[in-house]
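Colleague: You'll find data.txt just under this line, and it carries compact mmCIF, C-alpha atoms and all ligand atoms.
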# COMPACT_ATOMS: atom_id res chain seq x y z
CA MET X 5 -14.91 -12.52 -4.84
CA ASP X 6 -16.23 -13.87 -8.12
CA ALA X 7 -16.92 -10.98 -10.53
CA TRP X 8 -20.51 -12.12 -11.19
CA LEU X 9 -21.20 -12.35 -7.45
CA ALA X 10 -19.74 -8.86 -6.94
CA ILE X 11 -21.94 -7.41 -9.72
CA ALA X 12 -25.08 -9.20 -8.56
CA SER X 13 -24.71 -8.40 -4.84
CA LYS X 14 -23.55 -4.78 -5.11
CA ARG X 15 -26.08 -2.28 -3.81
CA ASP X 16 -25.58 1.41 -3.17
CA VAL X 17 -25.12 1.94 0.55
CA ARG X 18 -25.50 5.32 2.26
CA GLU X 19 -24.79 4.50 5.89
CA TYR X 20 -21.27 3.57 6.83
CA ALA X 21 -19.36 2.28 9.85
CA ASP X 22 -16.63 4.51 11.32
CA THR X 23 -13.98 1.89 10.42
CA PRO X 24 -11.36 3.52 8.18
CA VAL X 25 -10.66 2.10 4.72
CA PRO X 26 -7.13 0.63 4.86
CA GLU X 27 -4.45 2.07 2.61
CA ASP X 28 -4.10 -1.11 0.51
CA VAL X 29 -7.85 -1.16 -0.17
CA LEU X 30 -7.76 2.52 -1.12
CA THR X 31 -4.91 1.80 -3.53
CA ARG X 32 -6.90 -1.02 -5.17
CA ILE X 33 -9.96 1.23 -5.53
CA LEU X 34 -7.89 3.94 -7.21
CA ASP X 35 -6.06 1.40 -9.39
CA ALA X 36 -9.40 -0.05 -10.52
CA GLY X 37 -10.28 3.46 -11.69
CA ARG X 38 -6.92 3.85 -13.41
CA LEU X 39 -7.37 0.53 -15.23
CA SER X 40 -10.74 1.50 -16.70
CA GLY X 41 -11.06 1.67 -20.44
CA SER X 42 -11.97 5.01 -21.97
CA ALA X 43 -12.74 6.33 -25.44
CA ARG X 44 -9.52 6.25 -27.50
CA ASN X 45 -7.81 5.37 -24.23
CA ARG X 46 -7.64 9.08 -23.44
CA GLN X 47 -8.00 8.63 -19.64
CA GLN X 48 -9.16 12.20 -19.19
CA TRP X 49 -9.63 11.89 -15.47
CA ASN X 50 -7.94 12.52 -12.16
CA PHE X 51 -8.96 11.07 -8.82
CA VAL X 52 -9.25 13.41 -5.86
CA VAL X 53 -9.09 11.69 -2.47
CA VAL X 54 -10.98 14.02 -0.16
CA GLU X 55 -9.32 14.32 3.24
CA THR X 56 -9.67 17.79 4.76
CA ALA X 57 -12.47 19.08 2.48
CA GLN X 58 -15.13 16.46 3.27
CA VAL X 59 -17.53 18.83 5.06
CA GLU X 60 -17.13 21.53 2.44
CA LEU X 61 -17.62 19.06 -0.44
CA ALA X 62 -20.65 17.46 1.25
CA ALA X 63 -22.46 20.79 0.91
CA THR X 64 -22.24 20.52 -2.91
CA VAL X 65 -24.08 17.17 -3.35
CA HIS X 66 -27.77 16.22 -3.35
CA ALA X 67 -27.54 14.16 -0.16
CA PRO X 68 -24.76 15.61 2.06
CA SER X 69 -25.13 12.84 4.67
CA ASN X 70 -23.78 10.29 2.12
CA VAL X 71 -20.51 12.23 2.02
CA LEU X 72 -20.39 13.39 5.64
CA GLY X 73 -20.75 9.84 6.96
CA ALA X 74 -18.35 8.20 4.50
CA ALA X 75 -15.03 6.71 5.58
CA LEU X 76 -13.60 7.60 2.16
CA VAL X 77 -14.65 10.08 -0.51
CA VAL X 78 -13.22 10.09 -4.03
CA ALA X 79 -14.11 12.63 -6.71
CA ILE X 80 -13.56 11.77 -10.37
CA VAL X 81 -12.58 15.03 -12.04
CA GLY X 82 -11.50 16.17 -15.51
CA ALA X 83 -12.80 16.15 -19.06
CA ALA X 84 -13.85 12.49 -19.30
CA GLY X 85 -17.23 11.88 -20.92
CA GLY X 86 -20.22 10.22 -19.28
CA MET X 87 -19.53 6.71 -20.55
CA ASP X 88 -15.90 6.87 -19.42
CA VAL X 89 -16.80 8.28 -16.00
CA GLY X 90 -19.43 5.59 -15.53
CA ARG X 91 -16.97 2.80 -16.35
CA CYS X 92 -14.38 4.28 -14.03
CA ALA X 93 -16.83 4.81 -11.17
CA GLN X 94 -18.29 1.31 -11.44
CA ASN X 95 -14.81 -0.25 -11.56
CA MET X 96 -13.88 1.60 -8.37
CA MET X 97 -17.11 0.61 -6.62
CA LEU X 98 -16.85 -3.07 -7.61
CA ALA X 99 -13.20 -3.20 -6.53
CA ALA X 100 -14.25 -1.69 -3.20
CA TRP X 101 -17.07 -4.23 -2.80
CA ASN X 102 -14.58 -7.03 -3.50
CA ASP X 103 -12.90 -5.84 -0.28
CA GLY X 104 -16.21 -5.52 1.60
CA VAL X 105 -16.38 -1.75 1.17
CA ALA X 106 -19.76 -0.37 0.10
CA SER X 107 -20.30 2.81 -1.89
CA CYS X 108 -22.72 5.26 -3.46
CA PRO X 109 -22.43 7.77 -6.31
CA ASN X 110 -23.50 11.31 -5.49
CA GLY X 111 -25.27 13.74 -7.77
CA ILE X 112 -23.87 17.26 -7.58
CA ASN X 113 -26.05 20.28 -6.77
CA ASP X 114 -23.42 22.95 -6.95
CA PRO X 115 -20.89 22.08 -9.69
CA GLU X 116 -19.07 25.42 -9.44
CA ALA X 117 -18.38 25.01 -5.73
CA ALA X 118 -17.38 21.35 -6.23
CA ALA X 119 -14.92 22.39 -8.98
CA ARG X 120 -13.44 25.14 -6.79
CA ILE X 121 -12.89 22.68 -3.93
CA CYS X 122 -11.47 19.87 -6.12
CA GLY X 123 -9.50 22.08 -8.51
CA ASP X 124 -11.13 20.72 -11.68
CA GLU X 125 -14.53 19.91 -13.17
CA VAL X 126 -16.13 17.27 -10.94
CA LYS X 127 -17.83 14.44 -12.82
CA THR X 128 -18.94 12.37 -9.86
CA ILE X 129 -18.32 12.08 -6.15
CA LEU X 130 -18.18 8.56 -4.72
CA SER X 131 -18.68 7.85 -1.04
CA PHE X 132 -17.21 4.64 0.37
CA GLY X 133 -17.18 2.81 3.69
CA TYR X 134 -17.82 -0.50 5.38
CA PRO X 135 -21.61 -0.78 5.56
CA ALA X 136 -23.18 0.20 8.91
CA LYS X 137 -25.43 -2.86 8.49
CA PRO X 138 -23.04 -5.61 7.38
CA ARG X 139 -24.14 -7.60 4.34
CA ASP X 140 -22.36 -10.79 3.34
CA PRO X 141 -22.27 -11.27 -0.45
CA GLN X 142 -21.44 -14.95 0.05
CA SER X 143 -24.71 -15.52 1.93
CA ARG X 144 -26.54 -15.90 -1.41
CA THR X 145 -25.71 -17.09 -4.88
CA PRO X 146 -25.43 -14.49 -7.66
CA GLU X 147 -28.73 -15.79 -9.04
CA GLU X 148 -30.41 -15.23 -5.65
CA TRP X 149 -29.01 -11.67 -5.46
CA SER X 150 -30.19 -11.08 -9.02
CA ALA X 151 -33.70 -12.33 -8.29
CA ARG X 152 -33.97 -10.04 -5.23
CA ALA X 153 -32.63 -6.89 -6.93
CA ASN X 154 -34.98 -3.95 -7.32
CA ARG X 155 -34.50 -3.83 -11.07
CA LYS X 156 -36.69 -4.13 -14.14
CA PRO X 157 -36.88 -7.72 -15.45
CA LEU X 158 -34.78 -8.69 -18.44
CA ALA X 159 -38.00 -9.44 -20.36
CA GLU X 160 -38.79 -5.71 -20.20
CA LEU X 161 -35.28 -4.62 -21.23
CA VAL X 162 -34.18 -6.97 -23.98
CA ARG X 163 -35.41 -7.33 -27.53
CA LYS X 164 -33.92 -9.12 -30.46
CA ILE X 165 -33.79 -7.64 -33.93
C1 LIG V 1 -25.33 9.31 -11.66
C2 LIG V 1 -25.87 8.85 -10.34
C3 LIG V 1 -26.13 9.77 -9.36
C4 LIG V 1 -26.61 9.35 -8.14
N1 LIG V 1 -26.84 10.28 -7.18
C5 LIG V 1 -27.25 9.87 -5.97
C6 LIG V 1 -27.42 10.83 -4.95
O1 LIG V 1 -27.23 12.03 -5.15
N2 LIG V 1 -27.80 10.41 -3.73
C7 LIG V 1 -28.02 9.08 -3.49
O2 LIG V 1 -28.36 8.76 -2.34
N3 LIG V 1 -27.88 8.15 -4.44
C8 LIG V 1 -27.48 8.51 -5.67
N4 LIG V 1 -27.30 7.59 -6.65
C9 LIG V 1 -27.56 6.16 -6.35
C10 LIG V 1 -28.88 5.64 -6.99
O3 LIG V 1 -29.96 6.13 -6.24
C11 LIG V 1 -28.82 4.11 -6.97
O4 LIG V 1 -27.86 3.72 -7.93
C12 LIG V 1 -30.12 3.40 -7.30
O5 LIG V 1 -31.14 3.80 -6.44
C13 LIG V 1 -29.96 1.88 -7.19
O6 LIG V 1 -29.57 1.57 -5.88
P1 LIG V 1 -29.30 0.06 -5.41
O7 LIG V 1 -28.13 -0.45 -6.19
O8 LIG V 1 -28.98 0.16 -3.94
O9 LIG V 1 -30.53 -0.73 -5.69
C14 LIG V 1 -26.85 7.98 -7.88
C15 LIG V 1 -26.57 7.06 -8.89
C16 LIG V 1 -26.08 7.48 -10.09
C17 LIG V 1 -25.78 6.45 -11.15
Let me see the file written as structure tokens.

Modeller:
Amino acid sequence: MDAWLAIASKRDVREYADTPVPEDVLTRILDAGRLSGSARNRQQWNFVVVETAQVELAATVHAPSNVLGAALVVAIVGAAGGMDVGRCAQNMMLAAWNDGVASCPNGINDPEAAARICGDEVKTILSFGYPAKPRDPQSRTPEEWSARANRKPLAELVRKI
């Protein structure tokens, strides 16, 4: 998928099909995280693929159903700062969307419990899965996706100095 189309059509999805995420897609998602730039290239992150602890980890986030219903859950853990975590998370989610896999970041309610389960400080928990309601990015142009997005207009966001 064209990068601009992927950016423009990506929405956070919270309801997923049962279809598992294939191993090659998982590898690309994780590699997209690995490839992310970070301050001074410090890469202060690890990626925890949640297999047996999904139910336990779901209890630590704001919206447990996002995690309980996901076909794949990845926690970004470690000392990485907010900017670095955001770049890494968005890279993973866009790589997933390139393969038709939707995603949603999850805010954490109980950071201590999340850290105990994942073995390190948890910066974000990403849920992934094929969307329960399929959405075809190619059905619209990037400009059409952009125009439909529930976002503030550029005129409100941009100023020149
Ligand atoms: C740091 C962060 C935490 C978020 N936490 C949650 C969450 O706990 N539960 C949830 O359903 N969505 C969560 N989201 C998703 C936002 O609600 C979503 O990005 C926003 O509503 C735009 O959604 P859209 O791309 O589908 O329009 C989070 C997003 C970010 C960036």

Colleague: Residues near segment 150-156 of chain X, anyone? I mean within 12 Å using only C-alpha atoms, not counting same-chain ones fewer than 5 positions away, as a list in words.

Modeller: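 Non-adjacent residues within range: Trp8, Leu9, Ala10, Ile11, Ala12, Ser13, Lys14, Arg15, Asp16, Pro141, Arg144, Thr145, Leu161 and Val162 of chain X.
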
Colleague: Ligand LIG 1 (chain V): which residues are within 9 Å, counting all atoms listed in the file? Reply as JSON, numbers by chain.

Modeller: {"X": [13, 14, 15, 16, 17, 18, 65, 66, 67, 68, 69, 70, 90, 108, 109, 110, 111, 112, 113, 128, 129, 153, 154, 155]}

Colleague: What's the separation between atom CA of Arg38 of chain X and atom CA of Val77 of chain X, in Å to one decimal place?

Modeller: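 Computed distance, atom CA of Arg38 of chain X to atom CA of Val77 of chain X, equals 16.3 Å.
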
Colleague: What's the 8 Å shell around Arg91 of chain X, counting all atoms listed in the file, without same-chain residues fewer than 3 positions away, as a PyMOL selection string?

Modeller: chain X and resi 40-42+87-88+94-95

Colleague: Edge lengths and centre in Å to one decimal, as lines of an AutoDock Vina configuration file, is what I'm after for the box along x, y and z that holds all listed atoms of segment 117-131 of chain X once 6 Å is added on each side.

Modeller:
center_x = -14.2
center_y = 16.5
center_z = -7.1
size_x = 21.4
size_y = 29.3
size_z = 24.1

Colleague: Show me the residues around (-9.1, 21.3, -13.7) - criterion: an atom at most 12 Å away, only C-alpha atoms counted - as a VMD selection string.

Modeller: chain X and resid 48 to 52 80 to 84 116 118 to 127

Colleague: Write a file of the just-selected residues containing C-alpha atoms, as a PDB file, in the coordinates of the input.

Modeller:
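Below is the file again-v6.pdb, written as the result:
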ATOM      1  CA  GLN X  48      -9.160  12.200 -19.190  1.00  0.00           C
ATOM      2  CA  TRP X  49      -9.630  11.890 -15.470  1.00  0.00           C
ATOM      3  CA  ASN X  50      -7.940  12.520 -12.160  1.00  0.00           C
ATOM      4  CA  PHE X  51      -8.960  11.070  -8.820  1.00  0.00           C
ATOM      5  CA  VAL X  52      -9.250  13.410  -5.860  1.00  0.00           C
ATOM      6  CA  ILE X  80     -13.560  11.770 -10.370  1.00  0.00           C
ATOM      7  CA  VAL X  81     -12.580  15.030 -12.040  1.00  0.00           C
ATOM      8  CA  GLY X  82     -11.500  16.170 -15.510  1.00  0.00           C
ATOM      9  CA  ALA X  83     -12.800  16.150 -19.060  1.00  0.00           C
ATOM     10  CA  ALA X  84     -13.850  12.490 -19.300  1.00  0.00           C
ATOM     11  CA  GLU X 116     -19.070  25.420  -9.440  1.00  0.00           C
ATOM     12  CA  ALA X 118     -17.380  21.350  -6.230  1.00  0.00           C
ATOM     13  CA  ALA X 119     -14.920  22.390  -8.980  1.00  0.00           C
ATOM     14  CA  ARG X 120     -13.440  25.140  -6.790  1.00  0.00           C
ATOM     15  CA  ILE X 121     -12.890  22.680  -3.930  1.00  0.00           C
ATOM     16  CA  CYS X 122     -11.470  19.870  -6.120  1.00  0.00           C
ATOM     17  CA  GLY X 123      -9.500  22.080  -8.510  1.00  0.00           C
ATOM     18  CA  ASP X 124     -11.130  20.720 -11.680  1.00  0.00           C
ATOM     19  CA  GLU X 125     -14.530  19.910 -13.170  1.00  0.00           C
ATOM     20  CA  VAL X 126     -16.130  17.270 -10.940  1.00  0.00           C
ATOM     21  CA  LYS X 127     -17.830  14.440 -12.820  1.00  0.00           C
TER      22      LYS X 127
END

Colleague: Of the residues X:Ala43, X:Met5, X:Ala21, X:Leu72, which is the one nearest to Lys137 of chain X, using all atoms listed in the file?

Modeller: X:Ala21

Colleague: Could you work out how far atom CA of Leu130 of chain X lies from atom CA of Thr31 of chain X, giving the answer in Å with one decimal?

Modeller: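 Between these atoms lies a distance of 14.9 Å.
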
Colleague: Would you mind telling me which residue in X:Ala99, X:Leu61, X:Leu76, X:Ala93 lies nearest to Val25 of chain X when using all atoms listed in the file?

Modeller: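 Among the listed residues, the smallest separation from Val25 of chain X belongs to X:Leu76.
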
Colleague: At what distance in Å, to one decimal, does atom CA of Glu19 of chain X lie from atom CA of Ala57 of chain X?

Modeller: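 We find that atom CA of Ala57 of chain X and atom CA of Glu19 of chain X lie 19.4 Å from each other.
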
Colleague: Give me the residues within 8 Å of Tyr134 of chain X as a VMD selection string, counting only C-alpha atoms and dropping any in the same chain fewer than 3 places off.

Modeller: chain X and resid 20 to 23 25 75 104 to 106 138

Colleague: Nearest residue to Asp28 of chain X out of X:Val53, X:Ala63, X:Val78, X:Ala100, using all atoms listed in the file?

Modeller: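 When distances to Asp28 of chain X are compared using all atoms listed in the file, the smallest one comes from X:Ala100.
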